[in-house]
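Here's the structure we're looking at; comments come further down.
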There are 4 protein chains.
Amino acid sequence: MEAVIKRDAARGRREQTKLQNRETILAAARKVFSEIGFGAATVRDIIRATPLASGTFYNYFKSKEEVYQAIRDDVALAIRPRLREERTRADSVEAFISGSFRTFFEFVSRNREDFRHLRHAADASRLRIDTPEVIAGFEELREDLETAIANGLFPDVDADFLMAAIVGVAFEISERMLSREDMDPAASAAFATALFLGGVRALPKKGG
Amino acid sequence: MEAVIKRDAARGRREQTKLQNRETILAAARKVFSEIGFGAATVRDIIRATPLASGTFYNYFKSKEEVYQAIRDDVALAIRPRLREERTRADSVEAFISGSFRTFFEFVSRNREDFRHLRHAADASRLRIDTPEVIAGFEELREDLETAIANGLFPDVDADFLMAAIVGVAFEISERMLSREDMDPAASAAFATALFLGGVRALPKKGG
Amino acid sequence: MEAVIKRDAARGRREQTKLQNRETILAAARKVFSEIGFGAATVRDIIRATPLASGTFYNYFKSKEEVYQAIRDDVALAIRPRLREERTRADSVEAFISGSFRTFFEFVSRNREDFRHLRHAADASRLRIDTPEVIAGFEELREDLETAIANGLFPDVDADFLMAAIVGVAFEISERMLSREDMDPAASAAFATALFLGGVRALPKKGG
Amino acid sequence: MEAVIKRDAARGRREQTKLQNRETILAAARKVFSEIGFGAATVRDIIRATPLASGTFYNYFKSKEEVYQAIRDDVALAIRPRLREERTRADSVEAFISGSFRTFFEFVSRNREDFRHLRHAADASRLRIDTPEVIAGFEELREDLETAIANGLFPDVDADFLMAAIVGVAFEISERMLSREDMDPAASAAFATALFLGGVRALPKKGG
DNA sequence: AATGAATGAGTTTTCATTCAT
DNA sequence: TATGAATGAAAACTCATTCAT
């Protein structure tokens with residue numbers, strides 16, 4: 001009886017197509033990388049975050065490095081069209097900047113649980129981890145900025161530094177936003193947008 | 001009396017050796033972290049980069065995390081007074097912003113090895129551990145901003161968000177700067193300053 | 001169908017190997033504990049007394065403490081049903097007491113290796129870990145005593161204390177018995193039984 | 001200034017005579033052995049339970065085995081006269097038995113804190129540890145019994161088994177007693193004494 | 001004699017990878 | 001192809017003991 005039950009469970013798992021197993025591993029890897037970082041992550045960690053057996057991992061990937069590459073590829077494939085669409089829609093610096101921040105802070109706000117756990121990782125420590133997705137997102141942002149500069153939308157500035165500034169402000173303000181009772185993504189976006197469009201003197205007055 | 005003097009001399013030498021060993025370990029850790037990243041580094045790697053015995057490591061630190069915190073604290077302790085001085089001297093928004101960024105990027109440039117391990121190509125994860133020293137540095141910035149607002153130097157904006165924006169831009173642009181062959185702290189400071197004073201449209205033209 | 005049969009056969013063999021490995025480790029641990037004592041024994045000692053690899057130990061047990069508990073549980077599981085049967089059959093105080101002690105000392109005598117490590121000359125410490133199994137055995141004894149009291153078999157005494165007294169005498173006399181060349185469970189049982197039925201003045205004369 | 005304070009603290013320690021250091025180490029060892037057992041105890045554990053430096057240990061003892069021997073010697077020296085006195089005073093089986101149990105349970109009751117911590121050692125495990133003192137006490141009890149038998153006070157029974165029975169009952173009932181709200185050493189002693197003088201049928205009725 | 005940091009051998013534990021089923 | 005236990009190399013950590021002061 002018991003054996004039969006066990007066998008059925010096994011079949012259930014087995015009936016996942018190969019593609020599903022691959023996706024299962026990739027999803028687990030994304031989770032693990034975002035939680036403890038690529039360097040500290042072990043193949044065991046990834047397998048443990050999966051219902052699969054350890055040996056199965058090696059049917060799909062040779063190492064965690066290969067998984068990493070696969071995630072980068074997947075993400076790039078999935079994200080590029082959306083970003084391209086947004087980018088072509090922006091017809092001004094204002095639209096580009098405010099659209100980016102609004103989207104980002106709303107995303108953070110909607111997925112607050114995913115972000116918050118990062119802050120409770122180790123006792124007094126804060127971890128900010130660049131998963132393959134995040135890095136790909138950064139690269140995409142730079143490409144978009146370069147395109148915008150080429151199109152005359154932006155002045156001919158250092159796209160790399162500008163990308164860094166946007167990313168830095170986005171992440172740091174997110175953390176502040178997450179620590180507040182009345183999380184307000186619109187206000188956060190307004191603050192960051194004003195800063196990038198006119199500097200500190202253009203910032204909204206407090207409680208205004 | 002004589003015995004006391006002797007003992008004190010002994011203690012002096014001993015304490016110095018202790019301090020030197022601590023520095024030896026910290027230096028080795030800085031090297032290892034910057035070479036292979038924090039996540040991938042092991043305590044063994046650190047010990048191996050040292051002439052000391054394995055057990056000796058544990059006389060000074062409990063884990064690589066503790067070493068990391070010590071490095072961060074050292075750095076924060078070194079830069080905080082300089083930043084504070086710069087900001088206290090400032091009599092305009094321009095002086096406050098440009099002084100802060102100039103000091104910060106120059107410090108990062110001069111201590112590039114300590115900062116490089118914050119993010120390394122071989123390791124896709126970025127670890128930012130906020131030790132009490134680091135947090136205190138952030139708080140100092142906020143306090144200075146609040147004082148500047150009270151003094152009418154800055155408009156009455158959200159000091160918490162502004163602090164976050166400054167910190168985010170400083171750290172992210174530092175990383176970009178560190179990854180470049182021709183590290184140019186002055187240019188980095190000019191970029192960040194221009195952004196905070198006038199927004200993207202005030203940014204210096206590339207190669208300008 | 002065929003595949004299923006094959007798989008089940010495989011599982012059967014695998015499960016058996018697992019069980020055998022577990023037994024191999026437990027046997028090695030019994031040997032090591034009885035030779036050098038529980039406190040002084042290391043996981044390495046246990047592994048070394050085994051043809052298995054070091055990592056294999058950790059597939060079965062987390063620590064030597066866990067091995068110890070497993071041994072205790074095995075023993076308790078083996079003896080509990082016999083004791084219970086003996087006590088349930090008893091129709092007099094004499095039968096209850098003498099049956100319990102006879103069964104216990106005979107069991108100890110037959111499984112002397114499992115019990116010997118409870119206390120060993122080389123180790124001055126005696127460890128008694130009350131796993132759920134062992135505690136359940138004690139509770140069973142108390143329940144049986146309470147039933148016997150309710151049935152008028154025993155006077156209305158403190159069942160908790162009486163249980164403690166029986167357990168204490170059983171374990172301590174076992175240790176003495178195990179340390180003797182001519183282990184004599186019948187004599188041990190006669191001694192304990194006489195004590196519980198008539199006190200020290202009813203004890204058998206030495207060598208009698 | 002700080003150095004001076006340190007030096008004074010050092011002098012305070014140094015002014016302990018050699019004998020005091022020896023006693024300090026022995027007391028620490030007794031504590032450690034009773035808490036984690038001789039086998040599991042390390043020299044480090046003993047030093048840690050001391051204000052002394054690690055090297056100092058080796059000025060007094062070569063190993064933990066040597067400490068153990070010293071404790072046994074000390075205890076034997078201190079306890080023998082008292083036991084001899086008690087033994088010579090007892091002029092009947094009743095006096096011997098009831099005196100022993102009364103003394104023991106009162107001792108346990110008065111030192112409940114020392115005994116209770118044994119039960120909270122490891123989560124669900126109970127440890128009973130024979131320190132040198134305890135073992136010496138057992139041996140003394142056996143000698144006393146043998147003397148009593150020789151004097152015709154006790155019948156000619158197996159003194160080793162009788163000692164084991166007394167010890168087992170004393171310890172197990174102590175545990176039960178310690179777990180009760182209304183700890184009553186007199187009642188515990190009465191129970192054990194009645195058992196040893198007349199068997200289960202002579203036990204006091206519950207609540208009587 | 002007292003100190004306590006250094007040592008490195010030894011123990012504990014984890015991990016990537018293999019392989020029989 | 002999936003499974004998951006076995007493996008043993010390597011990492012993490014502890015310890016008894018020494019020795020310069």
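Lettering and numbering for the structure tokens are positional, with chains as A, B, ... in the shown order, residues counted from 1 in each chain, and ligands counted from 1 in the shown order.
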Contacts of segment 53-55 of chain D at 9 Å (only C-alpha atoms (C1' of nucleotides); same-chain gap of 2+ positions) as a short mmCIF file (atom, residue, chain, number, x, y, z; two decimals) with N, CA and C atoms (P, O5', C5', C4', C3', O3' and C1' of nucleotides), in the first residue's frame:
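Generated output (part_6.cif):
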data_model
loop_
_atom_site.label_atom_id
_atom_site.label_comp_id
_atom_site.auth_asym_id
_atom_site.auth_seq_id
_atom_site.Cartn_x
_atom_site.Cartn_y
_atom_site.Cartn_z
N VAL D 43 40.36 20.24 29.05
CA VAL D 43 41.16 21.11 29.90
C VAL D 43 40.70 22.56 29.71
N ARG D 44 40.39 22.89 28.50
CA ARG D 44 39.88 24.23 28.22
C ARG D 44 38.63 24.56 29.02
N ILE D 47 39.71 25.41 32.48
CA ILE D 47 40.35 26.72 32.53
C ILE D 47 39.31 27.84 32.40
N ARG D 48 38.38 27.62 31.49
CA ARG D 48 37.37 28.64 31.27
C ARG D 48 36.55 28.90 32.52
N THR D 50 37.54 29.26 35.34
CA THR D 50 38.56 29.73 36.27
C THR D 50 38.98 31.14 35.84
N PRO D 51 39.42 31.98 36.74
CA PRO D 51 39.96 33.26 36.28
C PRO D 51 41.42 33.16 35.82
N PHE D 57 47.36 26.26 34.35
CA PHE D 57 46.86 24.91 34.62
C PHE D 57 48.02 23.93 34.69
N TYR D 58 48.95 24.06 33.74
CA TYR D 58 50.04 23.09 33.63
C TYR D 58 51.11 23.26 34.71
N ASN D 59 51.01 24.33 35.48
CA ASN D 59 51.90 24.44 36.64
C ASN D 59 51.41 23.55 37.78
P DA E 2 51.34 30.44 39.61
"O5'" DA E 2 51.58 31.68 38.63
"C5'" DA E 2 51.46 32.99 39.14
"C4'" DA E 2 51.00 33.90 38.02
"C3'" DA E 2 49.78 33.39 37.25
"O3'" DA E 2 48.96 34.52 36.98
"C1'" DA E 2 51.63 33.61 35.78
P DT E 3 47.62 34.36 36.18
"O5'" DT E 3 48.08 34.75 34.72
"C5'" DT E 3 48.64 36.04 34.50
"C4'" DT E 3 49.07 36.14 33.06
"C3'" DT E 3 47.99 35.69 32.07
"O3'" DT E 3 47.50 36.83 31.42
"C1'" DT E 3 50.17 34.93 31.48
P DG E 4 45.97 36.90 30.97
"O5'" DG E 4 46.14 36.54 29.43
"C5'" DG E 4 47.05 37.27 28.63
"C4'" DG E 4 47.31 36.48 27.36
"C3'" DG E 4 46.06 35.77 26.80
"O3'" DG E 4 46.16 35.72 25.39
"C1'" DG E 4 47.69 34.19 27.20
P DT F 17 47.99 17.75 26.85
"O5'" DT F 17 49.05 18.83 26.40
"C5'" DT F 17 49.66 18.69 25.11
"C4'" DT F 17 50.45 19.93 24.79
"C3'" DT F 17 51.38 20.43 25.92
"O3'" DT F 17 52.71 20.29 25.43
"C1'" DT F 17 50.29 22.21 24.82
P DT F 18 53.99 20.68 26.27
"O5'" DT F 18 54.48 21.97 25.48
"C5'" DT F 18 54.51 21.93 24.06
"C4'" DT F 18 54.88 23.29 23.52
"C3'" DT F 18 56.09 23.94 24.21
"O3'" DT F 18 56.89 24.52 23.20
"C1'" DT F 18 54.24 25.39 24.33
#
Q) What's the 12 Å shell around Ala95 of chain C, counting only C-alpha atoms (C1' of nucleotides), without same-chain residues fewer than 4 positions away, as a ChimeraX atom specification? A) /C:85-91,99-103,148,153-154,193-194,196-197
Dump as a PDB file, in the first residue's frame, selection limited to C-alpha atoms:
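Generated output (part17.pdb):
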ATOM      1  CA  GLU C  85       2.936  -8.662  29.137  1.00  0.00           C
ATOM      2  CA  GLU C  86       4.561  -9.937  32.293  1.00  0.00           C
ATOM      3  CA  ARG C  87       2.900  -7.287  34.413  1.00  0.00           C
ATOM      4  CA  THR C  88      -0.519  -7.667  32.861  1.00  0.00           C
ATOM      5  CA  ARG C  89      -0.444 -11.389  33.558  1.00  0.00           C
ATOM      6  CA  ALA C  90       0.496 -10.859  37.198  1.00  0.00           C
ATOM      7  CA  ASP C  91      -2.237 -11.769  39.709  1.00  0.00           C
ATOM      8  CA  GLY C  99       8.152 -11.171  36.825  1.00  0.00           C
ATOM      9  CA  SER C 100       9.285  -7.644  36.108  1.00  0.00           C
ATOM     10  CA  PHE C 101      12.737  -8.059  37.579  1.00  0.00           C
ATOM     11  CA  ARG C 102      13.310 -11.486  36.069  1.00  0.00           C
ATOM     12  CA  THR C 103      12.388 -10.268  32.605  1.00  0.00           C
ATOM     13  CA  ALA C 148      -2.615  -2.922  39.986  1.00  0.00           C
ATOM     14  CA  LEU C 153      -3.234  -6.034  43.930  1.00  0.00           C
ATOM     15  CA  PHE C 154      -1.040  -3.383  45.521  1.00  0.00           C
ATOM     16  CA  THR C 193      12.380  -9.181  44.328  1.00  0.00           C
ATOM     17  CA  ALA C 194      13.153 -10.100  47.918  1.00  0.00           C
ATOM     18  CA  PHE C 196      10.654  -5.241  47.294  1.00  0.00           C
ATOM     19  CA  LEU C 197       8.611  -7.943  48.959  1.00  0.00           C
TER      20      LEU C 197
END
Q: Just need the residues of chain A within 9 Å of chain B, counting only C-alpha atoms, so spit them out as a ChimeraX atom specification.
A: /A:33-34,36-41,93,124-132,135,154-177,188,191-192,194-207
Q: Report as a ChimeraX atom specification the set of chain F residues whose atoms approach chain B to within 10 Å, with distances computed over only C-alpha atoms (C1' of nucleotides).
A: /F:10-15,20-21
List every residue of chain E that has an atom at most 9 Å from any atom of chain C, giving for each one its closest atom pair and the distance in Å to one decimal, counting only C-alpha atoms (C1' of nucleotides), sorted by chain and then by ascending residue number, as a Markdown table.
| residue | atom | partner | partner_atom | distance |
| --- | --- | --- | --- | --- |
| E:DT11 | C1' | C:Arg44 | CA | 7.3 |
| E:DT12 | C1' | C:Val43 | CA | 7.9 |
| E:DT13 | C1' | C:Gly55 | CA | 8.4 |
| E:DT14 | C1' | C:Gly55 | CA | 8.5 |
| E:DT21 | C1' | C:Ala10 | CA | 5.3 |
(Q) I'd like to know which residues of segment 22-171 of chain D are strand (DSSP E or B) (by DSSP, run on the backbone); could you write them as a list in words? (A) Ala122, Ser125, Arg126, Leu127, Arg128 and Ile129 of chain D
Writer output for current selection, N, CA and C atoms, as a PDB file, in the first residue's frame:
ATOM      1  N   ALA D 122      20.529  18.876  28.405  1.00  0.00           N
ATOM      2  CA  ALA D 122      20.216  18.848  26.972  1.00  0.00           C
ATOM      3  C   ALA D 122      18.708  18.671  26.851  1.00  0.00           C
ATOM      4  N   SER D 125      17.022  15.234  27.281  1.00  0.00           N
ATOM      5  CA  SER D 125      17.866  14.178  27.825  1.00  0.00           C
ATOM      6  C   SER D 125      18.163  14.411  29.298  1.00  0.00           C
ATOM      7  N   ARG D 126      18.326  13.359  29.987  1.00  0.00           N
ATOM      8  CA  ARG D 126      18.645  13.436  31.400  1.00  0.00           C
ATOM      9  C   ARG D 126      20.042  12.851  31.597  1.00  0.00           C
ATOM     10  N   LEU D 127      20.847  13.526  32.311  1.00  0.00           N
ATOM     11  CA  LEU D 127      22.207  13.081  32.546  1.00  0.00           C
ATOM     12  C   LEU D 127      22.386  12.776  34.022  1.00  0.00           C
ATOM     13  N   ARG D 128      22.973  11.666  34.306  1.00  0.00           N
ATOM     14  CA  ARG D 128      23.337  11.459  35.694  1.00  0.00           C
ATOM     15  C   ARG D 128      24.825  11.199  35.711  1.00  0.00           C
ATOM     16  N   ILE D 129      25.536  12.061  36.349  1.00  0.00           N
ATOM     17  CA  ILE D 129      26.977  12.030  36.216  1.00  0.00           C
ATOM     18  C   ILE D 129      27.635  11.672  37.533  1.00  0.00           C
TER      19      ILE D 129
END
Q: For Pro185 of chain C, work out the shell of residues within 7 Å, counting only C-alpha atoms (C1' of nucleotides) and skipping chain neighbours fewer than 3 positions away, then give it as a PyMOL selection string.
A: chain C and resi 105-106+109+188-189
Residues of the last selection are to be written out with N, CA and C atoms, as a PDB file, in the first residue's frame.
ATOM      1  N   PHE C 105      16.261  -8.360  34.071  1.00  0.00           N
ATOM      2  CA  PHE C 105      17.662  -8.773  34.216  1.00  0.00           C
ATOM      3  C   PHE C 105      18.064  -9.812  33.166  1.00  0.00           C
ATOM      4  N   GLU C 106      17.096 -10.611  32.747  1.00  0.00           N
ATOM      5  CA  GLU C 106      17.440 -11.576  31.696  1.00  0.00           C
ATOM      6  C   GLU C 106      17.699 -10.851  30.373  1.00  0.00           C
ATOM      7  N   SER C 109      21.020  -9.185  30.532  1.00  0.00           N
ATOM      8  CA  SER C 109      22.079 -10.186  30.429  1.00  0.00           C
ATOM      9  C   SER C 109      22.285 -10.628  28.987  1.00  0.00           C
ATOM     10  N   SER C 188      20.197 -11.872  40.532  1.00  0.00           N
ATOM     11  CA  SER C 188      19.918 -10.438  40.604  1.00  0.00           C
ATOM     12  C   SER C 188      18.429 -10.209  40.800  1.00  0.00           C
ATOM     13  N   ALA C 189      17.627 -10.938  40.016  1.00  0.00           N
ATOM     14  CA  ALA C 189      16.175 -10.796  40.128  1.00  0.00           C
ATOM     15  C   ALA C 189      15.706 -11.244  41.508  1.00  0.00           C
TER      16      ALA C 189
END
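Going from atom CA of Ile46 of chain B over to atom CA of Val67 of chain A, you cover 27.6 Å.
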Q: Based on DSSP run over this structure's backbone, return all residues of segment 9-108 of chain D in helix (DSSP H, G or I), as a PyMOL selection string.
A: chain D and resi 9-14+18-36+43-48+54-60+64-89+93-108
**Q.** For Gly137 of chain B: contacts at 10 Å, only C-alpha atoms (C1' of nucleotides), fewer than 2 positions along chain excluded, given as a PyMOL selection string
**A.** chain B and resi 76-77+79-81+83-84+130-135+139-143
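The space separating atom CA of Ala150 of chain C from atom CA of Phe96 of chain C comes to 14.2 Å.
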Q) At what distance in Å, to one decimal, does atom CA of Thr56 of chain A lie from atom C1' of DA2 of chain F? A) 6.3 Å
